[in-house]
Amino acid sequence: MDDAKPIPHYIGTPIITMKGISRRFGHTLALDNVSLDVRRGEVLMIVGPSGSGKSTLLRCINYLELPDAGMVEIDGVVLSRHGVDLNRIREHVGMVFQRFELFPHLTVIQNIMLAQRIVAKRSPQASEQIARDLLAKVGIGEKADSYPVQLSGGQQQRVAIARSLAMQPKVMLFDEPTSALDPEMIKEVLDVMLDLAREGMTMVIVSHEMGFARAAANRVVFMDQGRIVEMGAPEQVFDNPHHDRTRLFLSKVLQH
Amino acid sequence: MGEVGSSEINQTARSPLGRSSLRQAPWWLIILGIGIVFVLLAMMRNEDYAKTLGYVLGGVGLSVFITVVAYVAALIIGLIAGLGRVSANPIAYHTATLYVEVMRGLPMLVIILYTQFVIAPMIGAQRNPALSGILALALGYGAYLAEVYRAGIESIERGQAEAARSLGMSAGQTMRHIILPQALRRVLPPLGNDFIAMLKDSSLLSAIGVNELTQLARIEGSRTFDYFRAFNSAAILYLILTLLLSLGVRLLERRTSSGRR
């Protein structure tokens, strides 16, 4: 993140609209009536203490977690509407997980090709070409025929990003993409994400990487106890938070 | 631990716990193997014994054949029932559960007798007890294998399915391309153990007159009134088969646990 602030984003119309999302786990209310828009080309960071509901909110976007109440609309399609094929929606909403979740029984290139073949129905040649291009793009072209366990955490996460990108997503969701990484590997993953942001990819990121937020995020959302407490440009939320809870959280996160 | 064969190579090597591999060598297996060889040699030297052994040996082929056919059928039945056990579809789930619980609640011998004397006459097939036997073993073991598959499927981390679904794969595609290949690898050793168990249970088919290993031993015993020799012969043949198979399972176990996939 040595580069200056990336690209002035073209921020367009909302591509994700969430209205009144609630989700309950047993007796705890993980999400309490949350509404949020994500606009085209936007990089949105969600921060907050653990248990604040940020990951749940992210997982509600592609219905990996079903909200108990509320509405999610992606690119004009309301997910809960009768007859909506969730698989077709998810195909174009990339997701990157904290624990990478590469398929351990497949090689790197097979990991990236599988969904292209059986979901997008591309030819083997086209799938492989796309996979190789993406591997080169995330900087590990030489690992195509390795198995995931033979890669470092940072390399695995870059493969996971490439795997999502292969489906040509309209939006990329990142669920704490660097939390399971050794410190020296965080940068290589963030660099890939920064490149994506520069290219204008719409990204929703749950993460505590404040440096990345300042460098790449258009907006930061601070969540606590299942609610959005505060939302704004990174400078405003980090340097001049309106709420005590935000300030308290930031002082804990930033003091080291 | 199954340190077969490697004990001679590195007798001085020590595990972190300080136990030499000499101590970890499967002495029980070596002693048993030597014992079997001695007993076999002793049997062969006695002409009557050799005859008995030769006669009983004639049943090994049918025992192994029945077990292999029934096991392959059980693998398929078990996979279908196992998928039913993890299915979100209530009809599939409850049908599979009903089958598994009924079969596991019945003694294998009762399943065999029921197949031969109740089901086979209904479809006019009681003339061939081997066929009934194969059907009974397949149905009974299908239930056990279903639970093995289910455990394997449930042992795959949830994140794997989430990653697959987030790429747009359907539930079926996720099961077929992501979950099952990993689950099968994990359940290979228990599946192998059930093959051994089925080989032993195939002896129950002697109750419906299938001329497999145990039945031949019974026939030979009642013919010569020398049950001692007849069942010694059967026992030693079963032991040779099961020991060889369990060695195979151990190798499989080591390969799947040390394997990277």
# chains A, B, ... in the order shown; residues from 1 in each chain; ligands from 1
call {"tool": "residues_around", "arguments": {"residues": "range 213-222 of chain A", "least_positions_apart": "5", "cutoff": "7 Å", "atoms": "only C-alpha atoms", "output": "PyMOL selection string"}}
result
chain A and resi 1+5-6+42-48+194+197+228-235+237+246
call {"tool": "write_last_selection", "arguments": {"atoms": "N, CA, C and O atoms", "output": "PDB file, in the first residue's frame"}}
result
ATOM      1  N   MET A   1       0.822  -1.205   0.000  1.00  0.00           N
ATOM      2  CA  MET A   1       0.000   0.000   0.000  1.00  0.00           C
ATOM      3  C   MET A   1       0.854   1.252   0.000  1.00  0.00           C
ATOM      4  O   MET A   1       0.608   2.190   0.718  1.00  0.00           O
ATOM      5  N   LYS A   5      -3.659   7.000  -2.844  1.00  0.00           N
ATOM      6  CA  LYS A   5      -5.061   6.583  -2.913  1.00  0.00           C
ATOM      7  C   LYS A   5      -5.414   6.147  -4.334  1.00  0.00           C
ATOM      8  O   LYS A   5      -5.061   6.804  -5.299  1.00  0.00           O
ATOM      9  N   PRO A   6      -6.039   5.000  -4.452  1.00  0.00           N
ATOM     10  CA  PRO A   6      -6.315   4.482  -5.791  1.00  0.00           C
ATOM     11  C   PRO A   6      -7.427   5.248  -6.461  1.00  0.00           C
ATOM     12  O   PRO A   6      -8.218   5.921  -5.809  1.00  0.00           O
ATOM     13  N   GLU A  42     -17.948   0.435  -5.672  1.00  0.00           N
ATOM     14  CA  GLU A  42     -17.604   0.886  -4.329  1.00  0.00           C
ATOM     15  C   GLU A  42     -16.792  -0.172  -3.577  1.00  0.00           C
ATOM     16  O   GLU A  42     -17.002  -1.367  -3.740  1.00  0.00           O
ATOM     17  N   VAL A  43     -15.861   0.306  -2.731  1.00  0.00           N
ATOM     18  CA  VAL A  43     -15.179  -0.584  -1.799  1.00  0.00           C
ATOM     19  C   VAL A  43     -15.674  -0.227  -0.407  1.00  0.00           C
ATOM     20  O   VAL A  43     -15.415   0.859   0.107  1.00  0.00           O
ATOM     21  N   LEU A  44     -16.424  -1.162   0.174  1.00  0.00           N
ATOM     22  CA  LEU A  44     -17.052  -0.912   1.468  1.00  0.00           C
ATOM     23  C   LEU A  44     -16.414  -1.820   2.510  1.00  0.00           C
ATOM     24  O   LEU A  44     -16.333  -3.031   2.309  1.00  0.00           O
ATOM     25  N   MET A  45     -15.929  -1.216   3.588  1.00  0.00           N
ATOM     26  CA  MET A  45     -15.338  -2.026   4.661  1.00  0.00           C
ATOM     27  C   MET A  45     -16.308  -2.079   5.827  1.00  0.00           C
ATOM     28  O   MET A  45     -16.887  -1.058   6.206  1.00  0.00           O
ATOM     29  N   ILE A  46     -16.455  -3.256   6.404  1.00  0.00           N
ATOM     30  CA  ILE A  46     -17.272  -3.401   7.604  1.00  0.00           C
ATOM     31  C   ILE A  46     -16.333  -3.748   8.755  1.00  0.00           C
ATOM     32  O   ILE A  46     -15.604  -4.744   8.688  1.00  0.00           O
ATOM     33  N   VAL A  47     -16.307  -2.907   9.770  1.00  0.00           N
ATOM     34  CA  VAL A  47     -15.464  -3.178  10.932  1.00  0.00           C
ATOM     35  C   VAL A  47     -16.347  -3.272  12.171  1.00  0.00           C
ATOM     36  O   VAL A  47     -17.512  -2.868  12.158  1.00  0.00           O
ATOM     37  N   GLY A  48     -15.773  -3.808  13.220  1.00  0.00           N
ATOM     38  CA  GLY A  48     -16.530  -3.922  14.463  1.00  0.00           C
ATOM     39  C   GLY A  48     -15.964  -5.035  15.320  1.00  0.00           C
ATOM     40  O   GLY A  48     -15.238  -5.887  14.828  1.00  0.00           O
ATOM     41  N   LEU A 194      -6.088  -4.722  -3.433  1.00  0.00           N
ATOM     42  CA  LEU A 194      -5.933  -3.327  -3.835  1.00  0.00           C
ATOM     43  C   LEU A 194      -6.000  -3.202  -5.352  1.00  0.00           C
ATOM     44  O   LEU A 194      -6.626  -2.280  -5.893  1.00  0.00           O
ATOM     45  N   ALA A 197      -9.526  -3.344  -6.367  1.00  0.00           N
ATOM     46  CA  ALA A 197     -10.210  -2.081  -6.090  1.00  0.00           C
ATOM     47  C   ALA A 197      -9.892  -1.062  -7.171  1.00  0.00           C
ATOM     48  O   ALA A 197     -10.762  -0.333  -7.653  1.00  0.00           O
ATOM     49  N   ILE A 228     -25.705  -1.155  12.747  1.00  0.00           N
ATOM     50  CA  ILE A 228     -24.736  -0.226  12.184  1.00  0.00           C
ATOM     51  C   ILE A 228     -24.717   1.003  13.078  1.00  0.00           C
ATOM     52  O   ILE A 228     -25.736   1.672  13.257  1.00  0.00           O
ATOM     53  N   VAL A 229     -23.553   1.256  13.688  1.00  0.00           N
ATOM     54  CA  VAL A 229     -23.442   2.384  14.604  1.00  0.00           C
ATOM     55  C   VAL A 229     -23.072   3.644  13.854  1.00  0.00           C
ATOM     56  O   VAL A 229     -23.558   4.735  14.131  1.00  0.00           O
ATOM     57  N   GLU A 230     -22.200   3.472  12.882  1.00  0.00           N
ATOM     58  CA  GLU A 230     -21.649   4.643  12.223  1.00  0.00           C
ATOM     59  C   GLU A 230     -21.158   4.259  10.841  1.00  0.00           C
ATOM     60  O   GLU A 230     -20.719   3.140  10.594  1.00  0.00           O
ATOM     61  N   MET A 231     -21.247   5.208   9.925  1.00  0.00           N
ATOM     62  CA  MET A 231     -20.901   4.905   8.545  1.00  0.00           C
ATOM     63  C   MET A 231     -20.363   6.182   7.911  1.00  0.00           C
ATOM     64  O   MET A 231     -20.873   7.268   8.148  1.00  0.00           O
ATOM     65  N   GLY A 232     -19.301   6.078   7.119  1.00  0.00           N
ATOM     66  CA  GLY A 232     -18.781   7.264   6.456  1.00  0.00           C
ATOM     67  C   GLY A 232     -17.462   6.983   5.776  1.00  0.00           C
ATOM     68  O   GLY A 232     -17.015   5.834   5.709  1.00  0.00           O
ATOM     69  N   ALA A 233     -16.821   8.038   5.273  1.00  0.00           N
ATOM     70  CA  ALA A 233     -15.500   7.885   4.663  1.00  0.00           C
ATOM     71  C   ALA A 233     -14.525   7.413   5.736  1.00  0.00           C
ATOM     72  O   ALA A 233     -14.702   7.712   6.910  1.00  0.00           O
ATOM     73  N   PRO A 234     -13.473   6.669   5.340  1.00  0.00           N
ATOM     74  CA  PRO A 234     -12.541   6.138   6.338  1.00  0.00           C
ATOM     75  C   PRO A 234     -11.948   7.229   7.227  1.00  0.00           C
ATOM     76  O   PRO A 234     -11.824   7.030   8.445  1.00  0.00           O
ATOM     77  N   GLU A 235     -11.604   8.379   6.634  1.00  0.00           N
ATOM     78  CA  GLU A 235     -10.995   9.450   7.434  1.00  0.00           C
ATOM     79  C   GLU A 235     -11.956   9.897   8.526  1.00  0.00           C
ATOM     80  O   GLU A 235     -11.561  10.135   9.667  1.00  0.00           O
ATOM     81  N   VAL A 237     -14.591   8.225   9.867  1.00  0.00           N
ATOM     82  CA  VAL A 237     -14.889   7.214  10.892  1.00  0.00           C
ATOM     83  C   VAL A 237     -13.676   6.969  11.779  1.00  0.00           C
ATOM     84  O   VAL A 237     -13.797   6.837  12.994  1.00  0.00           O
ATOM     85  N   THR A 246     -17.608   3.650  18.757  1.00  0.00           N
ATOM     86  CA  THR A 246     -16.635   3.598  17.669  1.00  0.00           C
ATOM     87  C   THR A 246     -15.267   3.989  18.205  1.00  0.00           C
ATOM     88  O   THR A 246     -14.255   3.331  17.937  1.00  0.00           O
TER      89      THR A 246
END
call {"tool": "closest_atom_pairs", "arguments": {"of": "chain A", "to": "chain B", "cutoff": "7 Å", "atoms": "only C-alpha atoms", "output": "CSV"}}
result
residue,atom,partner,partner_atom,distance
A:Leu64,CA,B:Glu162,CA,7.0
A:Asn87,CA,B:Gly168,CA,4.4
A:Arg88,CA,B:Gly168,CA,6.0
A:Arg90,CA,B:Gly168,CA,4.9
A:Glu91,CA,B:Gly168,CA,4.0
A:Gly94,CA,B:Ser166,CA,6.7
A:Met95,CA,B:Ser166,CA,6.2
A:Glu101,CA,B:Gln160,CA,5.6
A:Phe103,CA,B:Ile178,CA,6.9
A:Pro104,CA,B:Arg261,CA,5.7
A:His105,CA,B:Arg261,CA,5.1
A:Ala115,CA,B:Leu167,CA,6.4
A:Val119,CA,B:Met169,CA,6.0
A:Val149,CA,B:Arg260,CA,6.9
A:Ser164,CA,B:Leu167,CA,6.7
call {"tool": "closest_residue", "arguments": {"among": "A:His82, A:Lys143, A:Arg99, A:His92", "to": "Asn111 in chain A", "atoms": "only C-alpha atoms"}}
result
A:Lys143
call {"tool": "residues_around", "arguments": {"residues": "range 187-193 of chain A", "least_positions_apart": "2", "cutoff": "7 Å", "atoms": "only C-alpha atoms", "output": "PDB file with all heavy atoms, in the first residue's frame"}}
result
ATOM      1  N   MET A   1       0.822  -1.205   0.000  1.00  0.00           N
ATOM      2  CA  MET A   1       0.000   0.000   0.000  1.00  0.00           C
ATOM      3  C   MET A   1       0.854   1.252   0.000  1.00  0.00           C
ATOM      4  O   MET A   1       0.608   2.190   0.718  1.00  0.00           O
ATOM      5  CB  MET A   1      -0.914   0.005   1.222  1.00  0.00           C
ATOM      6  CG  MET A   1      -2.176  -0.733   0.989  1.00  0.00           C
ATOM      7  SD  MET A   1      -2.801  -1.400   2.540  1.00  0.00           S
ATOM      8  CE  MET A   1      -1.554  -2.568   2.979  1.00  0.00           C
ATOM      9  N   VAL A 138      -2.708 -13.009  -9.906  1.00  0.00           N
ATOM     10  CA  VAL A 138      -2.492 -12.975  -8.460  1.00  0.00           C
ATOM     11  C   VAL A 138      -1.069 -13.409  -8.098  1.00  0.00           C
ATOM     12  O   VAL A 138      -0.743 -13.579  -6.920  1.00  0.00           O
ATOM     13  CB  VAL A 138      -3.525 -13.839  -7.686  1.00  0.00           C
ATOM     14  CG1 VAL A 138      -4.936 -13.327  -7.916  1.00  0.00           C
ATOM     15  CG2 VAL A 138      -3.411 -15.310  -8.064  1.00  0.00           C
ATOM     16  N   GLY A 154      -0.929 -17.340   2.465  1.00  0.00           N
ATOM     17  CA  GLY A 154      -1.120 -16.203   1.574  1.00  0.00           C
ATOM     18  C   GLY A 154      -1.370 -16.650   0.139  1.00  0.00           C
ATOM     19  O   GLY A 154      -2.225 -16.100  -0.564  1.00  0.00           O
ATOM     20  N   GLN A 157      -4.885 -18.057  -0.147  1.00  0.00           N
ATOM     21  CA  GLN A 157      -5.928 -17.042  -0.206  1.00  0.00           C
ATOM     22  C   GLN A 157      -5.946 -16.363  -1.580  1.00  0.00           C
ATOM     23  O   GLN A 157      -7.009 -16.013  -2.088  1.00  0.00           O
ATOM     24  CB  GLN A 157      -5.722 -16.005   0.924  1.00  0.00           C
ATOM     25  CG  GLN A 157      -6.907 -15.102   1.174  1.00  0.00           C
ATOM     26  CD  GLN A 157      -8.160 -15.863   1.590  1.00  0.00           C
ATOM     27  OE1 GLN A 157      -8.682 -16.692   0.850  1.00  0.00           O
ATOM     28  NE2 GLN A 157      -8.663 -15.573   2.776  1.00  0.00           N
ATOM     29  N   ARG A 158      -4.784 -16.220  -2.191  1.00  0.00           N
ATOM     30  CA  ARG A 158      -4.762 -15.623  -3.530  1.00  0.00           C
ATOM     31  C   ARG A 158      -5.413 -16.557  -4.549  1.00  0.00           C
ATOM     32  O   ARG A 158      -6.102 -16.108  -5.469  1.00  0.00           O
ATOM     33  CB  ARG A 158      -3.320 -15.295  -3.937  1.00  0.00           C
ATOM     34  CG  ARG A 158      -2.817 -14.042  -3.194  1.00  0.00           C
ATOM     35  CD  ARG A 158      -1.474 -13.604  -3.685  1.00  0.00           C
ATOM     36  NE  ARG A 158      -0.395 -14.411  -3.111  1.00  0.00           N
ATOM     37  CZ  ARG A 158       0.806 -14.553  -3.663  1.00  0.00           C
ATOM     38  NH1 ARG A 158       1.079 -13.956  -4.811  1.00  0.00           N
ATOM     39  NH2 ARG A 158       1.731 -15.278  -3.075  1.00  0.00           N
ATOM     40  N   GLU A 184       3.532 -11.855   7.730  1.00  0.00           N
ATOM     41  CA  GLU A 184       4.306 -11.558   6.521  1.00  0.00           C
ATOM     42  C   GLU A 184       3.542 -11.884   5.244  1.00  0.00           C
ATOM     43  O   GLU A 184       3.987 -11.552   4.155  1.00  0.00           O
ATOM     44  CB  GLU A 184       5.661 -12.282   6.549  1.00  0.00           C
ATOM     45  CG  GLU A 184       5.590 -13.776   6.346  1.00  0.00           C
ATOM     46  CD  GLU A 184       5.475 -14.542   7.652  1.00  0.00           C
ATOM     47  OE1 GLU A 184       5.011 -13.945   8.661  1.00  0.00           O
ATOM     48  OE2 GLU A 184       5.831 -15.731   7.664  1.00  0.00           O
ATOM     49  N   MET A 185       2.412 -12.549   5.385  1.00  0.00           N
ATOM     50  CA  MET A 185       1.653 -12.915   4.185  1.00  0.00           C
ATOM     51  C   MET A 185       0.465 -11.998   3.939  1.00  0.00           C
ATOM     52  O   MET A 185      -0.196 -12.091   2.910  1.00  0.00           O
ATOM     53  CB  MET A 185       1.142 -14.342   4.306  1.00  0.00           C
ATOM     54  CG  MET A 185       2.263 -15.344   4.298  1.00  0.00           C
ATOM     55  SD  MET A 185       1.660 -16.937   4.772  1.00  0.00           S
ATOM     56  CE  MET A 185       3.215 -17.816   4.851  1.00  0.00           C
ATOM     57  N   ASP A 195      -5.355  -4.135  -6.041  1.00  0.00           N
ATOM     58  CA  ASP A 195      -5.434  -4.156  -7.507  1.00  0.00           C
ATOM     59  C   ASP A 195      -6.872  -4.257  -7.973  1.00  0.00           C
ATOM     60  O   ASP A 195      -7.293  -3.565  -8.912  1.00  0.00           O
ATOM     61  CB  ASP A 195      -4.650  -5.349  -8.072  1.00  0.00           C
ATOM     62  CG  ASP A 195      -3.155  -5.073  -8.122  1.00  0.00           C
ATOM     63  OD1 ASP A 195      -2.795  -3.886  -8.018  1.00  0.00           O
ATOM     64  OD2 ASP A 195      -2.374  -6.032  -8.259  1.00  0.00           O
ATOM     65  N   LEU A 196      -7.623  -5.129  -7.305  1.00  0.00           N
ATOM     66  CA  LEU A 196      -9.033  -5.306  -7.660  1.00  0.00           C
ATOM     67  C   LEU A 196      -9.800  -4.000  -7.483  1.00  0.00           C
ATOM     68  O   LEU A 196     -10.603  -3.613  -8.337  1.00  0.00           O
ATOM     69  CB  LEU A 196      -9.678  -6.377  -6.775  1.00  0.00           C
ATOM     70  CG  LEU A 196      -9.526  -7.825  -7.211  1.00  0.00           C
ATOM     71  CD1 LEU A 196     -10.251  -8.722  -6.224  1.00  0.00           C
ATOM     72  CD2 LEU A 196     -10.070  -8.011  -8.606  1.00  0.00           C
ATOM     73  N   ALA A 197      -9.526  -3.344  -6.367  1.00  0.00           N
ATOM     74  CA  ALA A 197     -10.210  -2.081  -6.090  1.00  0.00           C
ATOM     75  C   ALA A 197      -9.892  -1.062  -7.171  1.00  0.00           C
ATOM     76  O   ALA A 197     -10.762  -0.333  -7.653  1.00  0.00           O
ATOM     77  CB  ALA A 197      -9.797  -1.553  -4.717  1.00  0.00           C
TER      78      ALA A 197
END
call {"tool": "residues_around", "arguments": {"residues": "range 58-72 of chain B", "least_positions_apart": "3", "cutoff": "10 Å", "atoms": "only C-alpha atoms", "output": "VMD selection string"}}
result
chain B and resid 53 to 55 75 to 78 130 to 131 133 to 142 145 191 194 to 203 205 210 to 217 234 237 to 238 241
call {"tool": "atom_distance", "arguments": {"atom1": "CA of His94 in chain B", "atom2": "CA of Met108 in chain B"}}
result
22.4 Å
